[in-house]
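Participant: Okay, handing you the structure first.
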Amino acid sequence: MLYNLAISLTRSQKRALILSIDVVLVGLSYALACWLLLGLSWIAANPGVALRDMIILLVMGGAVTTLMGLHKIKLNAYEMQGVIESAFVAVMLIGTGVLAALIMPTATPAHVFAVAGMLFLILSVMARLSLRTALLRIYRRGNPQTRLLIYGAGHNGQQLATALATDERVRAVAFVDDDPRLQSLSIAGLRVHAPAEIDEVIARHAVDRIVLAMPKAPASLRSNLTERLRDTGCEVHALPSFADLVSQTANGLADTRPVDVNELLGREHLGESLSGVQDIYLGRRVLVTGAGGSIGAELCRQLILCRPETIILIDHSEHSLFQIHRELANVASGIRIEAVLGSVCDKQLMTMTMQRWHIDIVLHAAAYKHVPLVEDNAIEGMRNNVLGTKITADAAEDAQVERFILVSTDKAVRPTSVMGASKRMAELVVQDLATRSKVTRFSMVRFGNVLGSSGSVIPLFQEQIANGGPVTLTHSDVTRYFMTIPEAVSLVLLAGSYARGGDVFVLDMGKPVPVRQIARQMIEGAGLTVRDGKNPDGDIEIRITGLRPGEKLHEELMIGSDMMTTAHPKILRALEGHLSEIEMAQALKSLRQAIEARDVDVLFETMAKWIEKSRDKVITVNE
């Protein structure tokens, strides 16, 4: 009943009620002051004086409160500023009373008004705080309430607890913190517990949700902690810093903020500094194939920082090429940017381009990479990824390019898809040329899935979450190695400086990440919950669709087990087995015949034969 009464009051009615309480408190304060200082006998002997003074104070108090808008301040917002305004009303009451005592013949002693003003201040503040507490309890009883445990009693945790102090739907019940100095203390009215007590705290307070209020902690620590806390059965959310929140979009909705892909890695990301690498590209002429794609475009952006003389952009997509050329032309002051529209399968185009511009370094990122699409279009996938690489690499050698770096993928390791097989064959092409080239240093860079690139899970999951789900997953146990676009590009540029010839560079990316974990993190990062057997009323379902043709359950980065270090602690190098010159020539001849005849069966047989033969030639190198 109290809840219904509270929510039925209009704003005008609430303001009138607060104003009435203030006016009543003015009269009560004056009466108490007279009783305490003069006694009931004085009031009985001077009823006219007492009534006159009270009327003066009531009028003054009501007028000042109305003019200042003190009655319009919401109870939830009544804090220090409201107390100051109440104090101003009290001062005005004291001044009015003292002035009346000086000018009226039968006056009340001045000190009575001073005490009355102070009593009003105390009673007014107490009344508002008591009303706020009572209303909050009424609202909380009338609304379903989420009970919150805050992990981290630092600055951000305290801010969160303070912000929730007047929220009727969410209630913070306790802190948990690793710092022994904070444990057993009370902060913002909440007890701080040790992590060992977390199960007991959850049971005692019936906690629904745990919020990690530690935005500056390493991503790996937050990720591991999130996984551990999910075993408690509570929802787990990560809180960004309040400074980050206010720098986001004006409406502050969680699902409108860009996804921080570093948060999804569960490890510390590769440093993006290219110090020490600029010399390789400084003043050079660099050609980037696939320049309009996610990786190619970021390669160009980071190359700008290395101050090359010229960057030649090649892509077969007119729109993508136009976009990256326009972007670079606006920021690349003093660097020549040229756009070449065409395919890497065009031998004459590639040869003329490299010779015309006297290319020093080739970064070969052009490839068809979408697994299901290439699976259904195997002929064109092999033509572009294998023959296109062969044409580009041959053109680079003929033009006596200094360095050629192939951008490859972990799907090339023991491939089960056409796309993976095409990239492994491209690697074999480059490895073969590396054994015979006297000028050009050929090398490869192999990395896992790139978060945020076109076709990656990030934009797909974002779109599905925005549409209300479900989020589709091919298998509940599927895992992948993930890296960010800047990491991938840094690896490519760094590899260009480490290349000796025939190298395969990989990034030490820690443990593979369950894709289901990423889906859950993205759902919860959007302020939503996962709908499953444990939480049938959740917002977004994760639906299993089954592995697609050619898709692996788990990916690998290395064919062999031996790895060598490089100058960068996170970049490893392997020298892997390859086909001989004669074998490579036979493989390419068979591939060309299958492609020209558009015979998919022969194409598959050829790929399987030569990839299997190259796998038998894995070598180990010890330094």
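As shown in the structure tokens, the chain order sets the letters A, B, ...; within each chain, residues go from 1, and ligands are also counted from 1 in the order they appear.
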Please provide the set of residues having any atom within 12 Å of Gln355 of chain A, restricted to only C-alpha atoms, with same-chain residues fewer than 5 positions apart removed, written as a list in words.
Facilitator: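 Contacts, in chain order: Arg285, Leu287, Gln348, Leu349, Met350, Asp360, Ala395, Ala396, Glu397, Asp398, Ala399, Gln400 and Val401 of chain A.
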Participant: Write out as a CSV table (one decimal) with N, CA and C atoms, in the first residue's frame the residues lying within 12 Å of Ala393 of chain A, counting only C-alpha atoms and excluding same-chain residues fewer than 6 positions away.
Facilitator:
chain,number,residue,atom,x,y,z
A,287,LEU,N,55.2,-1.9,-51.4
A,287,LEU,CA,53.9,-2.3,-52.1
A,287,LEU,C,53.1,-3.2,-51.1
A,289,THR,N,49.7,-5.5,-51.1
A,289,THR,CA,48.6,-6.1,-51.8
A,289,THR,C,47.5,-6.4,-50.9
A,344,VAL,N,46.1,-9.6,-58.1
A,344,VAL,CA,47.4,-10.2,-58.0
A,344,VAL,C,47.6,-11.4,-58.9
A,345,CYS,N,46.5,-11.8,-59.5
A,345,CYS,CA,46.6,-12.9,-60.5
A,345,CYS,C,47.0,-12.4,-61.9
A,347,LYS,N,49.6,-11.2,-64.1
A,347,LYS,CA,51.1,-11.3,-64.1
A,347,LYS,C,51.7,-10.0,-64.7
A,350,MET,N,51.4,-7.1,-62.1
A,350,MET,CA,52.3,-7.1,-61.0
A,350,MET,C,53.7,-6.9,-61.4
A,351,THR,N,54.1,-7.4,-62.6
A,351,THR,CA,55.5,-7.2,-63.0
A,351,THR,C,55.8,-5.7,-63.3
A,354,MET,N,55.8,-3.4,-60.1
A,354,MET,CA,57.1,-3.5,-59.3
A,354,MET,C,58.3,-2.8,-60.0
A,361,ILE,N,60.1,-3.4,-50.9
A,361,ILE,CA,59.5,-4.3,-49.9
A,361,ILE,C,58.1,-4.6,-50.4
A,362,VAL,N,57.7,-5.9,-50.4
A,362,VAL,CA,56.3,-6.3,-50.7
A,362,VAL,C,55.7,-6.9,-49.5
A,363,LEU,N,54.5,-6.4,-49.1
A,363,LEU,CA,53.7,-7.0,-48.0
A,363,LEU,C,52.5,-7.6,-48.7
A,364,HIS,N,52.5,-8.9,-48.8
A,364,HIS,CA,51.5,-9.6,-49.6
A,364,HIS,C,50.3,-10.1,-48.7
A,385,ASN,N,44.7,-17.4,-54.1
A,385,ASN,CA,45.6,-17.5,-52.9
A,385,ASN,C,46.9,-18.2,-53.3
A,386,VAL,N,46.9,-19.1,-54.3
A,386,VAL,CA,48.2,-19.9,-54.6
A,386,VAL,C,48.8,-19.2,-55.8
A,387,LEU,N,48.1,-19.2,-56.9
A,387,LEU,CA,48.7,-18.7,-58.2
A,387,LEU,C,49.0,-17.2,-58.0
A,399,ALA,N,62.0,-8.2,-60.1
A,399,ALA,CA,62.3,-6.8,-59.8
A,399,ALA,C,63.4,-6.6,-58.8
A,400,GLN,N,64.0,-7.7,-58.3
A,400,GLN,CA,65.0,-7.7,-57.3
A,400,GLN,C,64.6,-6.9,-56.0
A,401,VAL,N,63.3,-7.2,-55.6
A,401,VAL,CA,62.8,-6.6,-54.4
A,401,VAL,C,63.6,-7.1,-53.2
A,402,GLU,N,63.9,-6.3,-52.2
A,402,GLU,CA,64.7,-6.7,-51.1
A,402,GLU,C,64.0,-7.8,-50.2
A,403,ARG,N,62.8,-7.5,-49.8
A,403,ARG,CA,62.0,-8.3,-48.9
A,403,ARG,C,60.6,-8.6,-49.4
A,404,PHE,N,60.2,-9.8,-49.2
A,404,PHE,CA,58.8,-10.2,-49.5
A,404,PHE,C,58.2,-10.9,-48.3
A,405,ILE,N,57.1,-10.4,-47.8
A,405,ILE,CA,56.5,-11.0,-46.6
A,405,ILE,C,55.1,-11.5,-46.9
A,406,LEU,N,54.8,-12.8,-46.8
A,406,LEU,CA,53.5,-13.3,-47.0
A,406,LEU,C,52.7,-13.3,-45.7
A,426,ALA,N,50.4,-21.6,-50.6
A,426,ALA,CA,51.1,-20.3,-50.8
A,426,ALA,C,52.4,-20.3,-50.0
A,427,GLU,N,52.3,-20.8,-48.8
A,427,GLU,CA,53.6,-20.9,-48.0
A,427,GLU,C,54.6,-21.7,-48.7
A,428,LEU,N,54.2,-22.8,-49.2
A,428,LEU,CA,55.2,-23.7,-49.9
A,428,LEU,C,55.8,-23.0,-51.1
A,429,VAL,N,55.0,-22.2,-51.8
A,429,VAL,CA,55.5,-21.4,-52.9
A,429,VAL,C,56.6,-20.4,-52.5
A,430,VAL,N,56.4,-19.7,-51.4
A,430,VAL,CA,57.3,-18.8,-50.8
A,430,VAL,C,58.6,-19.5,-50.3
A,431,GLN,N,58.3,-20.6,-49.6
A,431,GLN,CA,59.5,-21.3,-49.1
A,431,GLN,C,60.4,-21.8,-50.2
A,432,ASP,N,59.8,-22.3,-51.3
A,432,ASP,CA,60.6,-22.7,-52.4
A,432,ASP,C,61.4,-21.6,-53.0
A,433,LEU,N,60.8,-20.4,-53.2
A,433,LEU,CA,61.6,-19.3,-53.7
A,433,LEU,C,62.7,-18.9,-52.8
A,434,ALA,N,62.4,-19.0,-51.5
A,434,ALA,CA,63.4,-18.6,-50.5
A,434,ALA,C,64.7,-19.3,-50.6
A,437,SER,N,66.4,-17.8,-54.1
A,437,SER,CA,66.6,-16.4,-54.4
A,437,SER,C,67.9,-15.8,-53.9
A,440,THR,N,66.2,-11.4,-53.1
A,440,THR,CA,65.0,-11.2,-52.3
A,440,THR,C,64.9,-12.1,-51.1
A,441,ARG,N,64.6,-11.6,-49.9
A,441,ARG,CA,64.4,-12.4,-48.7
A,441,ARG,C,62.9,-12.7,-48.6
A,442,PHE,N,62.6,-13.9,-48.8
A,442,PHE,CA,61.2,-14.4,-48.7
A,442,PHE,C,60.9,-14.9,-47.3
A,443,SER,N,59.8,-14.4,-46.7
A,443,SER,CA,59.4,-15.0,-45.4
A,443,SER,C,57.9,-14.9,-45.2
A,444,MET,N,57.4,-15.5,-44.2
A,444,MET,CA,56.0,-15.7,-44.0
A,444,MET,C,55.6,-15.3,-42.5
Participant: When you look at Leu32 of chain A with a cut-off of 12 Å (counting only C-alpha atoms), what residues show up, excluding the ones that are within fewer than 3 positions of it in the same chain? I need them as an MDAnalysis selection string.
Facilitator: chainID A and resid 25:29 35:40 43 50 54 112:120 123
Participant: Go ahead and write the selection's residues with N, CA, C and O atoms as a compact mmCIF listing (two decimals), in the first residue's frame.
Facilitator:
# COMPACT_ATOMS: atom_id res chain seq x y z
N LEU A 25 8.28 22.63 10.21
CA LEU A 25 9.53 22.55 10.99
C LEU A 25 9.98 23.93 11.47
O LEU A 25 10.63 24.05 12.52
N VAL A 26 9.67 24.99 10.69
CA VAL A 26 9.99 26.35 11.13
C VAL A 26 9.25 26.67 12.43
O VAL A 26 9.83 27.14 13.42
N GLY A 27 7.93 26.42 12.42
CA GLY A 27 7.13 26.67 13.62
C GLY A 27 7.57 25.80 14.78
O GLY A 27 7.65 26.28 15.94
N LEU A 28 7.85 24.51 14.50
CA LEU A 28 8.29 23.60 15.56
C LEU A 28 9.62 24.04 16.15
O LEU A 28 9.83 23.97 17.39
N SER A 29 10.53 24.51 15.31
CA SER A 29 11.84 24.96 15.80
C SER A 29 11.70 26.16 16.73
O SER A 29 12.36 26.24 17.77
N TRP A 35 10.57 27.04 24.40
CA TRP A 35 10.39 26.11 25.53
C TRP A 35 11.71 25.83 26.23
O TRP A 35 11.80 25.82 27.46
N LEU A 36 12.79 25.63 25.42
CA LEU A 36 14.08 25.29 26.01
C LEU A 36 14.71 26.48 26.74
O LEU A 36 15.33 26.33 27.80
N LEU A 37 14.56 27.70 26.15
CA LEU A 37 15.26 28.87 26.70
C LEU A 37 14.40 29.71 27.65
O LEU A 37 14.92 30.30 28.60
N LEU A 38 13.08 29.79 27.41
CA LEU A 38 12.23 30.68 28.20
C LEU A 38 11.22 29.93 29.07
O LEU A 38 10.68 30.50 30.04
N GLY A 39 10.92 28.71 28.69
CA GLY A 39 10.00 27.92 29.48
C GLY A 39 8.56 28.12 29.05
O GLY A 39 8.20 29.09 28.35
N LEU A 40 7.69 27.20 29.47
CA LEU A 40 6.28 27.26 29.10
C LEU A 40 5.58 28.47 29.72
O LEU A 40 4.61 29.00 29.15
N ILE A 43 5.72 31.44 27.43
CA ILE A 43 4.81 31.30 26.30
C ILE A 43 3.37 31.59 26.74
O ILE A 43 2.60 32.28 26.04
N ALA A 50 4.42 35.41 20.93
CA ALA A 50 4.84 34.13 20.37
C ALA A 50 4.16 33.87 19.03
O ALA A 50 4.79 33.42 18.05
N MET A 54 5.98 33.65 15.37
CA MET A 54 5.85 32.42 14.59
C MET A 54 5.34 32.71 13.18
O MET A 54 5.82 32.14 12.20
N VAL A 112 16.85 33.45 21.20
CA VAL A 112 15.84 32.43 20.91
C VAL A 112 15.78 32.15 19.40
O VAL A 112 15.69 31.00 18.95
N PHE A 113 15.89 33.20 18.62
CA PHE A 113 15.85 33.03 17.16
C PHE A 113 17.11 32.31 16.65
O PHE A 113 17.04 31.54 15.68
N ALA A 114 18.24 32.57 17.27
CA ALA A 114 19.47 31.87 16.88
C ALA A 114 19.33 30.37 17.11
O ALA A 114 19.69 29.54 16.24
N VAL A 115 18.79 30.00 18.25
CA VAL A 115 18.59 28.57 18.55
C VAL A 115 17.53 27.98 17.62
O VAL A 115 17.65 26.85 17.13
N ALA A 116 16.46 28.77 17.36
CA ALA A 116 15.40 28.28 16.46
C ALA A 116 15.96 28.00 15.07
O ALA A 116 15.60 27.00 14.42
N GLY A 117 16.84 28.88 14.56
CA GLY A 117 17.44 28.66 13.24
C GLY A 117 18.28 27.39 13.20
O GLY A 117 18.22 26.61 12.24
N MET A 118 19.08 27.17 14.25
CA MET A 118 19.92 25.97 14.28
C MET A 118 19.07 24.71 14.39
O MET A 118 19.36 23.68 13.77
N LEU A 119 17.99 24.78 15.19
CA LEU A 119 17.09 23.63 15.29
C LEU A 119 16.43 23.33 13.94
O LEU A 119 16.27 22.16 13.56
N PHE A 120 16.06 24.39 13.22
CA PHE A 120 15.45 24.17 11.90
C PHE A 120 16.41 23.44 10.96
O PHE A 120 16.02 22.52 10.24
N LEU A 123 16.61 19.77 12.05
CA LEU A 123 15.38 19.03 11.78
C LEU A 123 15.11 18.90 10.28
O LEU A 123 14.63 17.86 9.81
Participant: Going by DSSP on the backbone, which bits of segment 280-379 of chain A are alpha helix (DSSP H)? Write them as a short mmCIF file (atom, residue, chain, number, x, y, z; two decimals) with N, CA, C and O atoms, in the first residue's frame, please.
Facilitator:
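The resulting part_28.cif:
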data_model
loop_
_atom_site.label_atom_id
_atom_site.label_comp_id
_atom_site.auth_asym_id
_atom_site.auth_seq_id
_atom_site.Cartn_x
_atom_site.Cartn_y
_atom_site.Cartn_z
N ILE A 280 63.96 -0.03 -41.38
CA ILE A 280 63.76 -0.97 -42.48
C ILE A 280 62.89 -0.34 -43.57
O ILE A 280 63.06 -0.60 -44.76
N TYR A 281 61.92 0.48 -43.14
CA TYR A 281 60.96 1.04 -44.08
C TYR A 281 61.20 2.52 -44.39
O TYR A 281 60.60 3.06 -45.32
N SER A 294 41.07 -5.54 -44.14
CA SER A 294 41.29 -5.15 -42.76
C SER A 294 42.77 -5.12 -42.41
O SER A 294 43.27 -4.14 -41.84
N ILE A 295 43.49 -6.18 -42.77
CA ILE A 295 44.92 -6.26 -42.46
C ILE A 295 45.70 -5.30 -43.36
O ILE A 295 46.57 -4.56 -42.89
N GLY A 296 45.42 -5.32 -44.64
CA GLY A 296 46.15 -4.46 -45.57
C GLY A 296 46.01 -2.98 -45.23
O GLY A 296 46.99 -2.23 -45.26
N ALA A 297 44.80 -2.56 -44.88
CA ALA A 297 44.59 -1.15 -44.55
C ALA A 297 45.35 -0.75 -43.30
O ALA A 297 45.96 0.32 -43.23
N GLU A 298 45.33 -1.61 -42.28
CA GLU A 298 46.07 -1.30 -41.05
C GLU A 298 47.58 -1.33 -41.29
O GLU A 298 48.32 -0.55 -40.70
N LEU A 299 48.04 -2.21 -42.19
CA LEU A 299 49.45 -2.20 -42.57
C LEU A 299 49.84 -0.83 -43.12
O LEU A 299 50.88 -0.27 -42.76
N CYS A 300 49.01 -0.31 -43.97
CA CYS A 300 49.29 1.01 -44.56
C CYS A 300 49.31 2.10 -43.50
O CYS A 300 50.17 2.99 -43.52
N ARG A 301 48.37 2.04 -42.57
CA ARG A 301 48.31 3.07 -41.52
C ARG A 301 49.57 3.04 -40.66
O ARG A 301 50.11 4.09 -40.29
N GLN A 302 50.03 1.84 -40.30
CA GLN A 302 51.22 1.77 -39.47
C GLN A 302 52.50 2.05 -40.27
O GLN A 302 53.48 2.55 -39.72
N LEU A 303 52.46 1.76 -41.56
CA LEU A 303 53.62 2.08 -42.40
C LEU A 303 53.85 3.59 -42.45
O LEU A 303 55.00 4.05 -42.54
N ILE A 304 52.78 4.36 -42.41
CA ILE A 304 52.89 5.82 -42.42
C ILE A 304 53.83 6.29 -41.31
O ILE A 304 54.62 7.21 -41.48
N LEU A 305 53.73 5.62 -40.14
CA LEU A 305 54.56 6.01 -38.99
C LEU A 305 56.03 5.73 -39.23
O LEU A 305 56.89 6.31 -38.57
N GLU A 318 37.28 -1.82 -55.98
CA GLU A 318 37.37 -0.39 -56.26
C GLU A 318 37.01 0.44 -55.04
O GLU A 318 37.71 1.40 -54.68
N HIS A 319 35.92 0.07 -54.37
CA HIS A 319 35.45 0.85 -53.22
C HIS A 319 36.47 0.82 -52.09
O HIS A 319 36.82 1.86 -51.52
N SER A 320 36.97 -0.37 -51.74
CA SER A 320 37.94 -0.50 -50.65
C SER A 320 39.22 0.26 -50.96
O SER A 320 39.81 0.92 -50.09
N LEU A 321 39.67 0.17 -52.20
CA LEU A 321 40.90 0.85 -52.60
C LEU A 321 40.72 2.36 -52.54
O LEU A 321 41.61 3.10 -52.07
N PHE A 322 39.57 2.85 -52.98
CA PHE A 322 39.29 4.28 -52.93
C PHE A 322 39.30 4.78 -51.48
O PHE A 322 39.85 5.84 -51.18
N GLN A 323 38.68 4.01 -50.59
CA GLN A 323 38.58 4.43 -49.19
C GLN A 323 39.95 4.54 -48.53
O GLN A 323 40.26 5.55 -47.88
N ILE A 324 40.79 3.52 -48.68
CA ILE A 324 42.09 3.55 -48.00
C ILE A 324 43.02 4.58 -48.66
O ILE A 324 43.80 5.25 -47.98
N HIS A 325 42.90 4.75 -49.96
CA HIS A 325 43.73 5.76 -50.64
C HIS A 325 43.37 7.16 -50.17
O HIS A 325 44.24 7.99 -49.87
N ARG A 326 42.07 7.43 -50.05
CA ARG A 326 41.64 8.75 -49.59
C ARG A 326 42.07 8.98 -48.14
O ARG A 326 42.53 10.08 -47.79
N GLU A 327 41.94 7.96 -47.30
CA GLU A 327 42.34 8.09 -45.89
C GLU A 327 43.82 8.41 -45.77
O GLU A 327 44.23 9.32 -45.04
N LEU A 328 44.66 7.66 -46.49
CA LEU A 328 46.10 7.85 -46.36
C LEU A 328 46.54 9.17 -46.97
O LEU A 328 47.44 9.84 -46.45
N ALA A 329 45.91 9.55 -48.07
CA ALA A 329 46.30 10.80 -48.73
C ALA A 329 46.08 12.01 -47.82
O ALA A 329 46.79 13.02 -47.92
N ASN A 330 45.13 11.90 -46.89
CA ASN A 330 44.83 13.01 -45.99
C ASN A 330 45.80 13.11 -44.82
O ASN A 330 45.90 14.17 -44.19
N VAL A 331 46.51 12.02 -44.51
CA VAL A 331 47.38 12.03 -43.33
C VAL A 331 48.85 11.81 -43.65
O VAL A 331 49.72 12.11 -42.82
N LYS A 347 49.63 -11.22 -64.06
CA LYS A 347 51.09 -11.27 -64.07
C LYS A 347 51.70 -10.01 -64.65
O LYS A 347 52.67 -9.46 -64.10
N GLN A 348 51.17 -9.54 -65.76
CA GLN A 348 51.73 -8.35 -66.40
C GLN A 348 51.58 -7.13 -65.49
O GLN A 348 52.51 -6.32 -65.38
N LEU A 349 50.43 -7.00 -64.81
CA LEU A 349 50.20 -5.86 -63.91
C LEU A 349 51.21 -5.88 -62.77
O LEU A 349 51.81 -4.84 -62.44
N MET A 350 51.40 -7.05 -62.15
CA MET A 350 52.30 -7.14 -61.00
C MET A 350 53.74 -6.85 -61.41
O MET A 350 54.48 -6.13 -60.72
N THR A 351 54.14 -7.38 -62.55
CA THR A 351 55.51 -7.17 -63.03
C THR A 351 55.77 -5.70 -63.34
O THR A 351 56.77 -5.10 -62.91
N MET A 352 54.85 -5.08 -64.09
CA MET A 352 55.02 -3.68 -64.46
C MET A 352 54.98 -2.76 -63.24
O MET A 352 55.74 -1.79 -63.16
N THR A 353 54.10 -3.08 -62.27
CA THR A 353 53.99 -2.23 -61.08
C THR A 353 55.28 -2.22 -60.28
O THR A 353 55.78 -1.16 -59.87
N MET A 354 55.84 -3.41 -60.07
CA MET A 354 57.07 -3.48 -59.26
C MET A 354 58.26 -2.84 -59.97
O MET A 354 59.09 -2.19 -59.33
N GLN A 355 58.32 -3.00 -61.26
CA GLN A 355 59.45 -2.42 -61.98
C GLN A 355 59.30 -0.91 -62.17
O GLN A 355 60.27 -0.16 -62.08
N ARG A 356 58.08 -0.47 -62.37
CA ARG A 356 57.85 0.97 -62.57
C ARG A 356 58.20 1.76 -61.32
O ARG A 356 58.82 2.83 -61.40
N TRP A 357 57.80 1.24 -60.16
CA TRP A 357 57.99 1.98 -58.91
C TRP A 357 59.25 1.56 -58.16
O TRP A 357 59.50 2.07 -57.07
N VAL A 371 36.31 -18.95 -44.79
CA VAL A 371 36.37 -20.41 -44.93
C VAL A 371 35.17 -20.98 -45.68
O VAL A 371 35.35 -21.70 -46.68
N PRO A 372 33.93 -20.72 -45.28
CA PRO A 372 32.80 -21.33 -46.00
C PRO A 372 32.71 -20.88 -47.46
O PRO A 372 32.39 -21.68 -48.34
N LEU A 373 33.02 -19.60 -47.71
CA LEU A 373 32.92 -19.07 -49.07
C LEU A 373 33.96 -19.70 -49.99
O LEU A 373 33.67 -20.08 -51.12
N VAL A 374 35.18 -19.82 -49.49
CA VAL A 374 36.24 -20.44 -50.29
C VAL A 374 35.97 -21.93 -50.46
O VAL A 374 36.29 -22.53 -51.49
N GLU A 375 35.35 -22.55 -49.45
CA GLU A 375 35.01 -23.97 -49.54
C GLU A 375 34.06 -24.21 -50.72
O GLU A 375 34.18 -25.22 -51.42
N ASP A 376 33.14 -23.28 -50.91
CA ASP A 376 32.16 -23.42 -52.01
C ASP A 376 32.70 -22.91 -53.34
O ASP A 376 32.07 -23.13 -54.38
N ALA A 378 36.18 -23.30 -54.51
CA ALA A 378 37.55 -23.79 -54.35
C ALA A 378 38.46 -23.37 -55.51
O ALA A 378 39.63 -23.03 -55.30
N ILE A 379 37.94 -23.39 -56.73
CA ILE A 379 38.77 -23.07 -57.90
C ILE A 379 39.30 -21.64 -57.78
O ILE A 379 40.51 -21.39 -57.92
#
Participant: Any idea what's packed within 12 Å of Leu164 of chain A, counting only C-alpha atoms, ignoring anything in its chain fewer than 6 positions away? Could you give it as an MDAnalysis selection string?
Facilitator: chainID A and resid 76 136 145:150 157:158 170:173 188:190
Participant: Nearest residue to Gln278 of chain A out of A:Ile359, A:Ala127, A:Ala594, A:Leu493, using only C-alpha atoms?
Facilitator: A:Leu493
Participant: Can you work out which one of A:Ile84, A:Ala90, A:Leu121, A:Ile391 has the shortest atom-to-atom distance to Met60 of chain A, counting only C-alpha atoms?
Facilitator: A:Ala90
